[in-house]
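Below: one structure, written as structure tokens.
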Amino acid sequence: MRSTFNIKEPNKNKESLILFAAYFKGEGRKFVYSTGEVIHPKEWDFENRQPKHLNGRTEKANKHRGIKRQLDRYSYFFSDTIQNYKLANREIIIADIRADFDTEFKRTKSIASKFFEVYNLFLNDKKSDYTEDANSQTTIKRYEYNRKLLFNFQEYRNKKIHFNQINKSFYNDFINYCVTVKEHSSNTLRRNVGLFKTFLYWALENGYTYKSDFQKFKAPKAQQTDEVALTLQQVQEVFEYDFSKNERLEKVRDLFVFGCATGMRYSNYSKVAKKDIQNGMIKVRDEKNNYKTLEIPLNDFSMYVLKKYNYQLPKISNQRFNDYIKEVFKIIGYTDNVKKTMKVGKEIIEQINPLYERISSHTARRSFITIMKNKKIPDKVIMSYTGHRSLEVFNKYYKPNNEDRKDFMQTVWKIDDIPMKKVN
């Protein structure tokens, strides 16, 4: 008997499945099994029955060597299986060999081909492990978001996700999607990669996949260099703009200003009610961590907004808020193009968009921190308002603009108080 590999659709101008085939001489029988690996026919060496370009350090060579390693697993397993059958004096039956291959490569779980059904099983398993505390619920919500993110990625690619196709190429496409389409921050990017890998480890351990390429996936150290933060004058401008003829945008604007004046996350500041106001302070449980209490003193801006709505702030979903707030800033005139730079690995990704497209609910929190730091308020005081415990995370919110940077430089490097030197 002999074994080899064939391309399922060798004449098509697209990637095709690679099939393992074994022929039993003189018996007219053959065993064909899908490896789950795919390759374009142009990249396949039909003479040697293996991928081309196996040498070198290029991305293509690395990918093809990975495919070759997987194919070798099928060849070696087939040889070992036949040898074991002969040693045991056992009849070689195609159905038995197929069952052995299923056990080795797919763990006999047919659902493995249904990626999102497996993800649902993973979610149910995690839910049964976690308690009802806030941290556990936050973790579950993150896993649920990660499932939605992967589903959106699948729709964006117009190509179903299969476990056997999760390789470096898939990973690079996923990272690029998160950065350029979803515009994820570096923290969000790293977190979602970690959640994705946790799911894949679970799938591997529970027999829903045999592919382990993901173990080499490293969360990129993405560095976003130019997040948007408003100055106090800009917040004042937004606050004073007349939206009386557009109630929808007026409510969104007021909520945004309230966020700028309190420094809270949208999930917190959008739910403040009269019962949360005590002795001139906003006192609420942090939505992200119910074990933490936020205490933020009221000021003229936050008090004005609360009184305007009789302490019942408008109810708007975060998603709609982020859509509407861009309308607000577009109407006010924040239409200048700005550059957004993201470094992912060695690649620099640059985007140029109107400033209003960069505004979101989180801009309010970032603006609050930047304004307070520019006013020389001590970090510990600001962190007591925002609820930050890590100075490293807190400092990532500080985004001084060019005018502030110029003012800081002139404030220190003045020659008014020292004798002037004569310039020749």
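Each chain in the structure tokens gets a letter, A, B and so on, in the order shown; residues start at 1 in every chain, and ligands are counted from 1 in the order they appear.
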
Within 12 Å of segment 378-383 of chain A, which residues of segment 200-266 of chain A show up? Give each one with its shortest atom-to-atom distance in Å (one decimal) and the two atoms involved, counting only C-alpha atoms, rows by chain then rising residue number, as CSV.
```
residue,atom,partner,partner_atom,distance
A:Ala261,CA,A:Ile382,CA,11.9
A:Thr262,CA,A:Ile382,CA,10.2
A:Gly263,CA,A:Ile382,CA,8.7
A:Met264,CA,A:Met383,CA,10.8
```

Strand (DSSP E or B) residues, from DSSP on the backbone, in segment 34-217 of chain A, as an MDAnalysis selection string: chainID A and resid 34:39 44:45 50:51

Contact residues around Ser75 of chain A with only C-alpha atoms at 9 Å, ignoring same-chain residues under 5 positions, as JSON, numbers by chain: {"A": [3, 4, 20, 80]}

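Atom CA of Asn158 of chain A is positioned 22.6 Å from atom CA of Ser34 of chain A.
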
Atom CA of Ala203 of chain A to atom CA of Ile166 of chain A, distance in Å rounded to a single decimal: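 About the pair atom CA of Ala203 of chain A and atom CA of Ile166 of chain A: they are 12.4 Å apart.
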
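Closest approach to Phe214 of chain A among A:Tyr304, A:Gln165, A:Gln234, A:Asn187 is made by A:Gln165 (distances from only C-alpha atoms).
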
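A straight line drawn from atom CA of Lys396 of chain A to atom CA of Ile371 of chain A is 13.8 Å long.
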
Residue list (helix (DSSP H, G or I), DSSP) for segment 16-78 of chain A, as number ranges by chain: A: 41-43, 59-78
